[in-house]
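Note: the block below is work_11.cif and it holds mmCIF, C-alpha atoms.
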data_start
loop_
_atom_site.label_atom_id
_atom_site.label_comp_id
_atom_site.auth_asym_id
_atom_site.auth_seq_id
_atom_site.Cartn_x
_atom_site.Cartn_y
_atom_site.Cartn_z
CA MET A 27 -37.51 10.03 -9.10
CA VAL A 28 -37.04 6.32 -9.74
CA PRO A 29 -39.98 3.82 -9.59
CA ALA A 30 -39.66 1.16 -6.91
CA LYS A 31 -40.26 -2.55 -7.47
CA ARG A 32 -43.66 -2.25 -5.80
CA VAL A 33 -44.88 0.00 -8.61
CA TYR A 34 -44.00 -2.54 -11.28
CA LEU A 35 -45.68 -5.31 -9.29
CA LEU A 36 -48.88 -3.28 -8.93
CA LEU A 37 -48.91 -2.41 -12.64
CA LEU A 38 -48.45 -6.08 -13.51
CA LEU A 39 -51.27 -6.93 -11.12
CA GLY A 40 -53.54 -4.50 -12.94
CA LEU A 41 -52.71 -6.15 -16.28
CA ALA A 42 -53.37 -9.59 -14.81
CA ILE A 43 -56.79 -8.59 -13.46
CA ALA A 44 -57.89 -6.85 -16.68
CA PRO A 45 -58.85 -10.08 -18.55
CA ILE A 46 -60.98 -11.22 -15.62
CA LEU A 47 -62.75 -7.85 -15.42
CA SER A 48 -63.42 -7.96 -19.17
CA LEU A 49 -65.42 -11.17 -18.69
CA LEU A 50 -67.43 -9.71 -15.82
CA ILE A 51 -68.14 -6.10 -16.88
CA GLY A 52 -67.09 -5.98 -20.51
CA ILE A 53 -63.95 -5.00 -22.37
CA ALA A 54 -64.56 -1.25 -22.45
CA ALA A 55 -65.26 -0.95 -18.72
CA SER A 56 -62.32 -3.23 -17.96
CA LEU A 57 -59.91 -1.05 -19.98
CA ALA A 58 -61.24 2.08 -18.26
CA LEU A 59 -60.80 0.63 -14.76
CA THR A 60 -57.34 -0.70 -15.59
CA LEU A 61 -56.27 2.69 -16.95
CA LEU A 62 -57.67 4.45 -13.89
CA PHE A 63 -55.83 2.01 -11.63
CA ASP A 64 -52.53 2.57 -13.44
CA ILE A 65 -52.92 6.37 -13.36
CA THR A 66 -53.68 6.21 -9.65
CA ILE A 67 -50.56 4.11 -8.94
CA LEU A 68 -48.37 6.45 -10.97
CA GLY A 69 -49.87 9.49 -9.25
CA LEU A 70 -49.26 8.00 -5.82
CA MET A 71 -45.69 7.24 -6.93
CA VAL A 72 -45.09 10.91 -7.78
CA VAL A 73 -46.58 12.05 -4.48
CA ASP A 74 -44.53 9.47 -2.55
CA SER A 75 -41.33 10.72 -4.19
CA ARG A 76 -42.03 14.39 -3.49
CA ARG A 77 -42.83 13.76 0.16
CA VAL A 78 -39.28 12.49 0.67
CA ARG A 79 -37.82 15.94 -0.07
CA SER A 80 -38.71 17.15 3.40
CA LEU A 81 -37.46 13.90 4.97
CA ARG A 82 -34.02 13.67 3.37
CA VAL A 83 -31.20 12.08 5.30
CA GLU A 84 -27.92 13.91 5.94
CA ILE A 85 -24.61 12.33 4.92
CA GLN A 86 -21.03 13.28 5.77
CA ARG A 87 -18.00 11.59 4.23
CA GLN A 88 -14.81 10.94 6.21
CA LEU A 89 -11.63 10.14 4.27
CA PRO A 90 -8.09 9.32 5.47
CA ALA A 91 -5.86 12.37 5.38
CA ARG A 92 -3.52 10.45 3.05
CA LEU A 93 -4.52 7.49 0.93
CA SER A 94 -2.01 4.64 0.55
CA ILE A 95 -1.38 3.04 -2.83
CA GLY A 96 -1.99 -0.69 -3.09
CA ARG A 97 -3.92 -0.78 0.19
CA ASP A 98 -7.60 -0.95 1.18
CA ASN A 99 -8.23 2.55 2.55
CA PRO A 100 -11.33 2.91 4.76
CA VAL A 101 -14.04 5.42 3.86
CA VAL A 102 -16.80 6.23 6.37
CA LEU A 103 -20.19 7.74 5.47
CA THR A 104 -22.10 9.02 8.50
CA VAL A 105 -25.86 8.98 7.78
CA THR A 106 -28.37 10.82 10.00
CA SER A 107 -32.16 10.54 9.72
CA ASP A 108 -34.07 12.95 12.00
CA LYS A 109 -37.71 12.81 10.84
CA THR A 110 -38.47 9.25 9.75
CA ASP A 111 -37.21 5.74 9.20
CA ALA A 112 -35.20 5.82 5.99
CA VAL A 113 -34.31 3.14 3.47
CA ILE A 114 -31.47 4.47 1.33
CA GLN A 115 -29.07 3.54 -1.46
CA ILE A 116 -25.77 5.44 -1.77
CA ARG A 117 -23.40 5.76 -4.69
CA ASP A 118 -20.17 7.56 -3.83
CA TYR A 119 -18.31 8.96 -6.85
CA TYR A 120 -14.78 7.90 -5.92
CA PRO A 121 -11.98 8.58 -8.46
CA THR A 122 -12.01 6.58 -11.67
CA GLY A 123 -9.56 3.69 -11.59
CA PHE A 124 -9.88 3.04 -7.85
CA GLY A 125 -10.97 -0.42 -6.80
CA VAL A 126 -13.90 -0.43 -4.40
CA SER A 127 -15.23 -3.07 -2.01
CA ILE A 128 -18.96 -2.16 -2.33
CA PRO A 129 -20.02 -0.04 -5.36
CA THR A 130 -23.58 0.60 -4.10
CA LEU A 131 -24.25 0.94 -0.38
CA GLU A 132 -27.62 0.13 1.17
CA ALA A 133 -28.88 0.82 4.68
CA LYS A 134 -31.97 1.28 6.82
CA ILE A 135 -31.72 4.18 9.28
CA PRO A 136 -34.20 4.45 12.16
CA GLN A 137 -35.89 7.74 13.03
CA GLN A 138 -33.60 10.02 15.07
CA GLY A 139 -30.83 7.55 14.30
CA LYS A 140 -27.25 7.82 13.08
CA GLU A 141 -25.28 5.08 11.38
CA GLU A 142 -21.78 4.76 9.95
CA ILE A 143 -21.53 2.98 6.60
CA LYS A 144 -18.03 1.81 5.75
CA TYR A 145 -16.35 0.64 2.58
CA THR A 146 -12.81 0.61 1.21
CA VAL A 147 -11.09 1.96 -1.90
CA HIS A 148 -7.95 0.49 -3.44
CA PRO A 149 -5.84 3.03 -5.38
CA THR A 150 -3.36 1.69 -7.95
CA GLN A 151 -1.74 5.03 -8.85
CA ARG A 152 -0.11 7.81 -6.88
CA GLY A 153 -1.03 11.44 -7.44
CA GLU A 154 -3.91 13.86 -6.89
CA PHE A 155 -7.43 12.84 -7.83
CA ALA A 156 -10.89 14.41 -7.82
CA TRP A 157 -13.42 12.74 -5.53
CA GLY A 158 -16.96 13.57 -6.67
CA ASN A 159 -20.34 14.07 -5.01
CA ILE A 160 -22.54 11.54 -3.24
CA GLN A 161 -25.65 10.28 -5.03
CA VAL A 162 -28.47 9.22 -2.71
CA ARG A 163 -31.74 7.41 -3.28
CA GLN A 164 -34.27 7.35 -0.46
CA LEU A 165 -37.40 5.21 -0.56
CA GLY A 166 -40.76 6.92 0.03
CA ARG A 167 -42.97 5.98 2.95
CA TRP A 168 -45.36 4.06 0.72
CA GLY A 169 -42.52 2.20 -0.94
CA LEU A 170 -43.56 3.35 -4.43
CA ALA A 171 -40.65 5.57 -5.50
CA TRP A 172 -37.03 6.41 -4.83
CA HIS A 173 -36.26 10.08 -4.41
CA ASP A 174 -32.87 10.71 -6.06
CA TRP A 175 -30.54 13.66 -5.35
CA LEU A 176 -26.85 14.64 -5.13
CA ILE A 177 -25.04 15.79 -2.01
CA PRO A 178 -22.19 18.16 -3.00
CA GLN A 179 -19.02 16.87 -1.34
CA SER A 180 -16.41 17.16 -4.08
CA VAL A 181 -12.85 17.14 -2.78
CA GLN A 182 -9.28 16.63 -4.03
CA VAL A 183 -7.48 13.64 -2.54
CA LYS A 184 -3.82 12.61 -2.69
CA VAL A 185 -2.56 9.05 -3.00
CA TYR A 186 0.80 8.45 -1.33
CA PRO A 187 3.07 5.40 -1.15
CA ASP A 188 2.18 2.67 1.32
CA LEU A 189 1.84 4.76 4.49
CA ILE A 190 -0.24 2.05 6.17
CA GLY A 191 2.67 -0.34 5.80
CA LEU A 192 5.07 2.29 7.15
CA ARG A 193 2.96 2.70 10.29
CA SER A 194 2.88 -1.05 10.85
CA LEU A 195 6.64 -1.28 10.33
CA SER A 196 7.26 1.60 12.75
CA ILE A 197 5.27 -0.18 15.46
CA ARG A 198 7.12 -3.44 14.84
CA LEU A 199 10.55 -1.77 15.00
CA THR A 200 9.58 0.00 18.22
CA LEU A 201 8.49 -3.27 19.83
CA GLN A 202 11.74 -4.92 18.78
CA SER A 203 13.73 -2.19 20.48
CA SER A 204 11.92 -2.11 23.83
CA GLY A 205 10.17 -4.15 26.48
CA SER A 206 10.27 -7.90 26.57
CA MET A 207 11.56 -8.19 23.01
CA ARG A 208 14.63 -6.15 23.90
CA GLN A 209 15.25 -8.31 26.95
CA SER A 210 15.11 -11.48 24.87
CA ARG A 211 17.54 -10.36 22.16
CA GLN A 212 20.82 -12.19 21.78
CA LEU A 213 23.82 -10.79 23.57
CA GLY A 214 27.12 -10.10 21.92
CA ILE A 215 25.59 -8.96 18.63
CA GLY A 216 26.94 -5.49 18.07
CA THR A 217 29.89 -3.32 18.94
CA GLU A 218 28.39 -0.46 20.96
CA PHE A 219 27.80 -0.79 24.69
CA ALA A 220 24.13 -0.42 25.62
CA GLU A 221 23.68 -1.42 29.26
CA LEU A 222 24.60 -3.81 32.07
CA ARG A 223 22.21 -6.44 33.35
CA ASN A 224 22.26 -9.47 35.62
CA TYR A 225 23.74 -12.68 34.27
CA ARG A 226 21.25 -15.31 33.11
CA THR A 227 21.79 -18.97 32.39
CA GLY A 228 23.07 -19.37 28.86
CA ASP A 229 24.74 -15.95 28.58
CA ASP A 230 28.21 -15.78 27.04
CA LEU A 231 30.75 -15.80 29.88
CA ARG A 232 33.06 -13.58 27.83
CA LEU A 233 30.55 -10.73 28.20
CA ILE A 234 30.72 -10.65 31.99
CA ASP A 235 31.99 -7.30 33.26
CA TRP A 236 34.14 -8.38 36.20
CA LYS A 237 35.02 -4.86 37.29
CA ALA A 238 31.39 -3.81 37.56
CA THR A 239 30.53 -7.10 39.25
CA ALA A 240 33.26 -6.57 41.90
CA ARG A 241 31.70 -3.28 42.99
CA ARG A 242 28.40 -4.86 44.08
CA VAL A 243 26.94 -7.81 45.92
CA GLY A 244 24.86 -10.10 43.77
CA PRO A 245 24.96 -12.03 40.51
CA PRO A 246 27.55 -11.14 37.86
CA LEU A 247 26.82 -8.32 35.44
CA VAL A 248 27.01 -8.84 31.69
CA ARG A 249 27.49 -6.24 28.96
CA VAL A 250 24.69 -5.78 26.44
CA LEU A 251 26.01 -4.71 23.04
CA GLU A 252 24.00 -3.12 20.27
CA PRO A 253 24.72 -2.65 16.57
CA GLU A 254 26.68 0.47 15.74
CA GLN A 255 24.65 3.60 14.94
CA GLU A 256 25.30 6.68 12.83
CA GLN A 257 26.36 4.59 9.86
CA THR A 258 25.34 5.62 6.35
CA LEU A 259 22.66 3.99 4.23
CA ILE A 260 22.15 5.17 0.64
CA ILE A 261 19.22 3.93 -1.45
CA LEU A 262 19.29 4.31 -5.23
CA LEU A 263 15.86 3.76 -6.78
CA ASP A 264 15.68 3.08 -10.51
CA ARG A 265 12.81 4.78 -12.32
CA GLY A 266 13.77 3.69 -15.83
CA ARG A 267 12.06 1.50 -18.40
CA LEU A 268 12.23 -1.76 -16.46
CA MET A 269 10.37 -0.15 -13.57
CA THR A 270 7.32 0.83 -15.66
CA ALA A 271 5.95 -2.72 -15.95
CA ARG A 272 2.89 -3.59 -13.89
CA VAL A 273 3.25 -6.36 -11.31
CA GLN A 274 0.33 -7.46 -9.14
CA GLY A 275 -1.69 -4.38 -10.09
CA LEU A 276 1.02 -1.79 -9.37
CA GLN A 277 3.93 -0.52 -11.38
CA ARG A 278 7.24 -2.08 -10.39
CA PHE A 279 8.43 1.43 -9.46
CA ASP A 280 5.66 1.72 -6.86
CA TRP A 281 6.74 -1.53 -5.23
CA GLY A 282 10.30 -0.18 -5.26
CA LEU A 283 9.22 3.14 -3.76
CA ASN A 284 7.37 1.38 -0.94
CA ALA A 285 10.49 -0.68 -0.24
CA THR A 286 12.66 2.46 -0.35
CA LEU A 287 10.60 4.27 2.28
CA SER A 288 10.35 1.19 4.50
CA LEU A 289 14.11 0.67 4.36
CA ALA A 290 14.66 4.37 5.07
CA LEU A 291 12.35 4.13 8.09
CA ALA A 292 14.26 1.11 9.40
CA GLY A 293 17.58 2.90 8.90
CA LEU A 294 16.44 6.07 10.66
CA HIS A 295 14.94 4.01 13.47
CA ARG A 296 18.30 2.31 13.98
CA GLY A 297 20.08 5.66 14.18
CA ASP A 298 21.70 5.61 10.74
CA ARG A 299 22.04 8.44 8.24
CA VAL A 300 19.82 7.73 5.22
CA GLY A 301 20.14 9.24 1.76
CA VAL A 302 17.99 8.51 -1.31
CA GLY A 303 18.62 9.00 -5.01
CA VAL A 304 16.13 8.41 -7.85
CA PHE A 305 17.70 8.04 -11.28
CA ASP A 306 17.11 7.22 -14.94
CA ARG A 307 19.56 8.63 -17.49
CA LEU A 308 20.38 11.30 -14.95
CA MET A 309 20.09 11.58 -11.20
CA HIS A 310 16.53 12.88 -11.08
CA THR A 311 16.36 13.42 -7.30
CA TRP A 312 19.10 13.38 -4.67
CA LEU A 313 18.38 13.70 -0.96
CA PRO A 314 21.65 13.69 1.04
CA PRO A 315 22.03 11.38 4.06
CA GLN A 316 20.48 12.73 7.26
CA ARG A 317 19.18 11.41 10.56
CA GLY A 318 15.90 11.86 12.43
CA GLN A 319 12.21 11.25 11.82
CA HIS A 320 11.81 14.66 10.19
CA HIS A 321 13.97 13.31 7.36
CA LEU A 322 11.40 10.53 6.70
CA HIS A 323 8.67 13.15 6.19
CA ARG A 324 10.95 14.97 3.80
CA LEU A 325 11.57 11.77 1.87
CA ILE A 326 7.84 11.05 1.57
CA ASP A 327 7.05 14.56 0.35
CA ASN A 328 9.85 14.60 -2.23
CA LEU A 329 9.49 11.05 -3.56
CA THR A 330 5.69 10.80 -3.79
CA PRO A 331 5.27 12.88 -7.00
CA ILE A 332 7.95 10.93 -8.95
CA GLN A 333 6.75 8.62 -11.73
CA PRO A 334 8.73 6.06 -13.81
CA VAL A 335 9.73 6.92 -17.38
CA LEU A 336 10.43 4.95 -20.56
CA LEU A 337 14.17 5.65 -20.56
CA GLU A 338 17.17 3.37 -20.20
CA SER A 339 18.81 3.84 -16.82
CA ASP A 340 22.43 4.97 -16.45
CA TYR A 341 23.71 2.85 -13.57
CA LEU A 342 27.31 3.97 -13.93
CA GLY A 343 26.20 7.60 -13.78
CA ALA A 344 24.16 6.97 -10.64
CA VAL A 345 27.03 5.18 -8.91
CA THR A 346 29.49 7.90 -9.94
CA ASN A 347 27.18 10.49 -8.40
CA VAL A 348 27.15 8.57 -5.12
CA VAL A 349 30.94 8.22 -5.09
CA GLN A 350 31.29 11.98 -5.56
CA GLN A 351 28.71 12.80 -2.89
CA GLN A 352 29.62 10.15 -0.31
CA THR A 353 33.28 9.76 0.66
CA ARG A 354 32.86 7.62 3.78
CA ARG A 355 31.94 3.93 3.72
CA ALA A 356 28.23 3.26 3.24
CA LEU A 357 25.72 0.56 2.47
CA VAL A 358 24.51 1.38 -1.06
CA VAL A 359 21.23 -0.33 -1.97
CA VAL A 360 20.24 -0.26 -5.65
CA ILE A 361 16.56 -1.14 -6.18
CA THR A 362 15.95 -2.13 -9.78
CA ASP A 363 15.35 -5.19 -11.96
CA LEU A 364 17.47 -7.15 -14.40
CA VAL A 365 16.85 -9.53 -17.29
CA ASP A 366 20.09 -11.38 -17.93
CA VAL A 367 23.86 -10.90 -17.85
CA THR A 368 24.03 -9.39 -21.33
CA ALA A 369 21.23 -6.86 -20.85
CA SER A 370 22.45 -5.93 -17.38
CA THR A 371 26.17 -5.54 -18.13
CA GLU A 372 26.21 -1.89 -17.08
CA LEU A 373 24.45 -2.66 -13.80
CA LEU A 374 26.94 -5.40 -13.00
CA ALA A 375 29.87 -3.13 -13.83
CA ALA A 376 28.50 -0.28 -11.74
CA LEU A 377 27.93 -2.42 -8.65
CA THR A 378 31.26 -4.22 -8.80
CA ARG A 379 32.98 -0.84 -9.15
CA MET A 380 31.84 0.07 -5.63
CA THR A 381 33.67 -2.76 -3.89
CA PRO A 382 35.56 -2.83 -1.57
CA ARG A 383 35.23 0.81 -0.50
CA TYR A 384 31.45 0.58 -0.17
CA LEU A 385 29.08 -2.29 0.56
CA PRO A 386 26.89 -2.58 -2.57
CA PHE A 387 23.53 -4.32 -2.29
CA CYS A 388 21.54 -5.19 -5.44
CA VAL A 389 17.78 -5.57 -4.86
CA THR A 390 15.63 -6.80 -7.74
CA LEU A 391 11.85 -7.06 -7.95
CA ARG A 392 10.75 -10.32 -9.54
CA ASP A 393 7.34 -10.81 -11.16
CA PRO A 394 5.40 -13.44 -9.13
CA GLN A 395 3.64 -14.51 -12.32
CA VAL A 396 6.96 -15.73 -13.73
CA ASP A 397 7.42 -17.87 -10.62
CA ARG A 398 3.92 -19.26 -11.00
CA LEU A 399 4.47 -20.16 -14.66
CA ALA A 400 7.84 -21.74 -13.91
CA HIS A 401 6.39 -24.02 -11.23
CA THR A 402 3.16 -25.00 -13.02
CA SER A 403 3.39 -28.12 -15.13
CA SER A 404 0.87 -28.84 -17.88
CA GLU A 405 0.37 -31.02 -20.93
CA ASP A 406 -0.95 -28.07 -22.93
CA LEU A 407 1.58 -27.01 -25.60
CA THR A 408 1.17 -23.26 -25.01
CA GLN A 409 1.48 -23.54 -21.24
CA THR A 410 4.50 -25.81 -21.61
CA TYR A 411 6.18 -23.22 -23.82
CA ASN A 412 5.36 -20.44 -21.32
CA ARG A 413 6.87 -22.54 -18.54
CA ALA A 414 10.06 -23.08 -20.53
CA VAL A 415 10.40 -19.34 -21.13
CA ALA A 416 9.82 -18.59 -17.42
CA LEU A 417 12.40 -21.16 -16.35
CA ASP A 418 14.92 -19.70 -18.80
CA LEU A 419 14.33 -16.17 -17.46
CA LEU A 420 14.86 -17.31 -13.88
CA ALA A 421 18.00 -19.23 -14.84
CA GLN A 422 19.50 -16.19 -16.58
CA ARG A 423 18.78 -14.05 -13.53
CA GLN A 424 20.59 -16.56 -11.31
CA VAL A 425 23.65 -16.39 -13.56
CA ALA A 426 23.75 -12.61 -13.18
CA PHE A 427 23.33 -12.86 -9.40
CA ALA A 428 26.12 -15.41 -9.18
CA GLN A 429 28.50 -12.98 -10.91
CA LEU A 430 27.50 -10.21 -8.49
CA LYS A 431 28.10 -12.41 -5.46
CA GLN A 432 31.53 -13.37 -6.77
CA LYS A 433 32.45 -9.67 -6.86
CA GLY A 434 31.33 -9.12 -3.25
CA VAL A 435 27.93 -7.60 -4.01
CA LEU A 436 25.04 -8.50 -1.73
CA VAL A 437 21.96 -9.71 -3.62
CA LEU A 438 18.26 -9.94 -2.83
CA ASP A 439 15.84 -11.16 -5.49
CA ALA A 440 12.24 -11.46 -4.31
CA PRO A 441 8.69 -11.15 -5.68
CA ALA A 442 7.70 -7.50 -5.96
CA ASN A 443 4.82 -7.86 -3.50
CA GLN A 444 7.16 -9.37 -0.86
CA ILE A 445 10.25 -7.25 -1.39
CA THR A 446 9.59 -4.74 1.41
CA ASP A 447 9.51 -7.21 4.31
CA GLN A 448 12.46 -9.22 3.01
CA LEU A 449 14.57 -6.10 2.39
CA VAL A 450 13.97 -4.66 5.86
CA GLU A 451 14.71 -8.01 7.48
CA ARG A 452 17.93 -8.34 5.49
CA TYR A 453 19.03 -4.84 6.53
CA LEU A 454 18.40 -5.61 10.21
CA GLN A 455 20.46 -8.78 9.85
CA LEU A 456 23.33 -6.79 8.31
CA LYS A 457 23.19 -4.37 11.23
CA ALA A 458 23.09 -7.16 13.79
CA ARG A 459 26.10 -8.88 12.22
CA ASN A 460 28.07 -5.65 11.85
CA GLN A 461 28.68 -6.30 8.17
CA LEU A 462 28.65 -2.60 7.38
#

Spell out the structure here as structure tokens.
Amino acid sequence: MVPAKRVYLLLLLGLAIAPILSLLIGIAASLALTLLFDITILGLMVVDSRRVRSLRVEIQRQLPARLSIGRDNPVVLTVTSDKTDAVIQIRDYYPTGFGVSIPTLEAKIPQQGKEEIKYTVHPTQRGEFAWGNIQVRQLGRWGLAWHDWLIPQSVQVKVYPDLIGLRSLSIRLTLQSSGSMRQSRQLGIGTEFAELRNYRTGDDLRLIDWKATARRVGPPLVRVLEPEQEQTLIILLDRGRLMTARVQGLQRFDWGLNATLSLALAGLHRGDRVGVGVFDRLMHTWLPPQRGQHHLHRLIDNLTPIQPVLLESDYLGAVTNVVQQQTRRALVVVITDLVDVTASTELLAALTRMTPRYLPFCVTLRDPQVDRLAHTSSEDLTQTYNRAVALDLLAQRQVAFAQLKQKGVLVLDAPANQITDQLVERYLQLKARNQL
């Protein structure tokens, strides 16, 4: 039982009236009446609270089957009040460390009514977490007390990589491959024949199929070419020391894992064979290249439990493992981070070793805060020093990237929170241009 604001107001009213009563009927009688008034209010408060027990609302919690890290995941509480109008306050005991949009929920439910109360949680770690009970306060009919009780709904929940982003990407890739978007794609990009269609103004005359056109009456037919399928894409995800730093609320490894799964989805959607390796000093996890959507589910299940470690990564060892496992040409994407040429000597040597047999692709996750510091000018001495350090870090990274490009290594350096979209777009461009 928790007193409502009305109780405090009534008790204050009794104290305010007491001096006036003391002038009219005397101090002793005034104290007696004030005490009787207060006892009556408190007694009514207790009665009001106990009456709610038979009028309790019912609450059911609905959670997503899989929570996505770094996303606002919707939670729905369905509240039913059968016997009376109900004014309630709800506190849901979500896992510690989750961000939440509304800590305390309030609602007014009409008699025989049902209402859905929604809020969102924002996990910043993957893994399995305990979700606790639901604490409810319901206001009595007289508005004097809150009846407080717990609804047992403890459950274990699992936080996965960004599955919400994967669903959005899957829809976008599907739209790009069908309907009006497919009809508006450029012709001549690709090597595999897809279909014949009627010539339109602006089409490349070299793509006209004269033999097929001669067999029919009507406009010329042009060949539609698509990027080659059944190529091999290998993603190497670093889980070493550099990937343990937090960027925009998540560990750099989590941003890399989201990018890995999104790139794998794009590769599988385009008909390629996708393999994934996670490494530190050793190759921690190796999933050989395969095709099909079932392989994406396997990737999610196997990669979700992996966490970064405070170990220096062995890039040469990871690349050697790929060379031994993969004999045919492949696009090898290494998702990691680098500091400068000196600190990243092994990474540079490992990537340049793969050319020209493979197509190496170095993807680094930059801290957006470094960009912000580098582009913010100030007269403050401390901020000016921070800007100089940030500019120096970015300059050293560019030197390392320039060396990689000279050796034939593809490079993508982007803020960690933007890396997924840019990486997928870059991969689709490589496929369209037949660079693999």

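Considering the residues A:Arg299, A:Pro315, A:Pro331, A:Leu283 and counting all atoms listed in the file, Leu391 in chain A has its shortest atom-to-atom contact with A:Leu283.
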
Selection result for the PyMOL selection byres ((chain A and resi 419) around 12) on this file, as a PDB file with C-alpha atoms, in the coordinates of the input:
ATOM      1  CA  LEU A 364      17.470  -7.150 -14.400  1.00  0.00           C
ATOM      2  CA  VAL A 365      16.850  -9.530 -17.290  1.00  0.00           C
ATOM      3  CA  ASP A 366      20.090 -11.380 -17.930  1.00  0.00           C
ATOM      4  CA  VAL A 367      23.860 -10.900 -17.850  1.00  0.00           C
ATOM      5  CA  ARG A 392      10.750 -10.320  -9.540  1.00  0.00           C
ATOM      6  CA  ASP A 393       7.340 -10.810 -11.160  1.00  0.00           C
ATOM      7  CA  GLN A 395       3.640 -14.510 -12.320  1.00  0.00           C
ATOM      8  CA  VAL A 396       6.960 -15.730 -13.730  1.00  0.00           C
ATOM      9  CA  ASP A 397       7.420 -17.870 -10.620  1.00  0.00           C
ATOM     10  CA  LEU A 399       4.470 -20.160 -14.660  1.00  0.00           C
ATOM     11  CA  ALA A 400       7.840 -21.740 -13.910  1.00  0.00           C
ATOM     12  CA  ASN A 412       5.360 -20.440 -21.320  1.00  0.00           C
ATOM     13  CA  ARG A 413       6.870 -22.540 -18.540  1.00  0.00           C
ATOM     14  CA  ALA A 414      10.060 -23.080 -20.530  1.00  0.00           C
ATOM     15  CA  VAL A 415      10.400 -19.340 -21.130  1.00  0.00           C
ATOM     16  CA  ALA A 416       9.820 -18.590 -17.420  1.00  0.00           C
ATOM     17  CA  LEU A 417      12.400 -21.160 -16.350  1.00  0.00           C
ATOM     18  CA  ASP A 418      14.920 -19.700 -18.800  1.00  0.00           C
ATOM     19  CA  LEU A 420      14.860 -17.310 -13.880  1.00  0.00           C
ATOM     20  CA  ALA A 421      18.000 -19.230 -14.840  1.00  0.00           C
ATOM     21  CA  GLN A 422      19.500 -16.190 -16.580  1.00  0.00           C
ATOM     22  CA  ARG A 423      18.780 -14.050 -13.530  1.00  0.00           C
ATOM     23  CA  GLN A 424      20.590 -16.560 -11.310  1.00  0.00           C
ATOM     24  CA  VAL A 425      23.650 -16.390 -13.560  1.00  0.00           C
ATOM     25  CA  ALA A 426      23.750 -12.610 -13.180  1.00  0.00           C
TER      26      ALA A 426
END

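With CA of Gly139 in chain A on one side and CA of Ser107 in chain A on the other, the separation reads 5.6 Å.
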
| message | Which residues are near Asp264 in chain A? Cut-off 8 Å, all atoms listed in the file, ignore same chain within fewer than 6 positions. Put them as a PyMOL selection string. | response | chain A and resi 279+304-306+339+360-362

| query | Of the candidates A:Leu377, A:Ile67, A:Ile260, A:Val248, which one gets nearest to Leu38 in chain A if we count all atoms listed in the file? | reply | A:Ile67

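Of the listed residues A:Thr66, A:Asn347, A:Gln319, A:Gln137, the one whose atoms come nearest to Leu262 in chain A is A:Asn347, with distances taken using all atoms listed in the file.
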
| task | Please provide the set of residues having any atom within 8 Å of Thr104 in chain A, restricted to all atoms listed in the file, with same-chain residues fewer than 6 positions apart removed, written as a count of residues only. | result | 8

| task | Give me the residues within 10 Å of Ile177 in chain A as a ChimeraX atom specification, counting all atoms listed in the file and dropping any in the same chain fewer than 5 places off. | result | /A:84-86,118,158-162

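Interatomic distance, CA of Glu132 in chain A against CA of Arg152 in chain A: 29.7 Å.
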
| task | Show which residues sit within 7 Å of Arg249 in chain A, as a list in words. Count all atoms listed in the file, and ignore same-chain residues fewer than 4 positions away. | result | Phe219, Glu221, Leu222, Arg223, Leu233, Ile234 and Asp235 of chain A

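Put simply, the PyMOL selection byres ((chain A and resi 351) around 12) in this file takes in Ile260, Gly301, Val302, Gly303, Trp312, Leu313, Pro314, Pro315, Ala344, Val345, Thr346, Asn347, Val348, Val349, Gln350, Gln352, Thr353, Arg354, Arg355 and Ala356 of chain A.
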
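Look at range 430-442 of chain A: the protein and nucleic acid residues within 6 Å of it, using all atoms listed in the file and passing over chain neighbours fewer than 4 places away, are A:Thr378, A:Pro386, A:Phe387, A:Cys388, A:Val389, A:Thr390, A:Leu391, A:Arg392, A:Asp393, A:Pro394.
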
With C-alpha atoms retained, could you export that selection as a PDB file, in the coordinates of the input?
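Output below, filename again_2.pdb:
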ATOM      1  CA  THR A 378      31.260  -4.220  -8.800  1.00  0.00           C
ATOM      2  CA  PRO A 386      26.890  -2.580  -2.570  1.00  0.00           C
ATOM      3  CA  PHE A 387      23.530  -4.320  -2.290  1.00  0.00           C
ATOM      4  CA  CYS A 388      21.540  -5.190  -5.440  1.00  0.00           C
ATOM      5  CA  VAL A 389      17.780  -5.570  -4.860  1.00  0.00           C
ATOM      6  CA  THR A 390      15.630  -6.800  -7.740  1.00  0.00           C
ATOM      7  CA  LEU A 391      11.850  -7.060  -7.950  1.00  0.00           C
ATOM      8  CA  ARG A 392      10.750 -10.320  -9.540  1.00  0.00           C
ATOM      9  CA  ASP A 393       7.340 -10.810 -11.160  1.00  0.00           C
ATOM     10  CA  PRO A 394       5.400 -13.440  -9.130  1.00  0.00           C
TER      11      PRO A 394
END

| task | Evaluate the PyMOL selection byres ((chain A and resi 296-298) around 6) on the structure here and hand back the selected residues as a PyMOL selection string. | result | chain A and resi 255-258+293-295+299
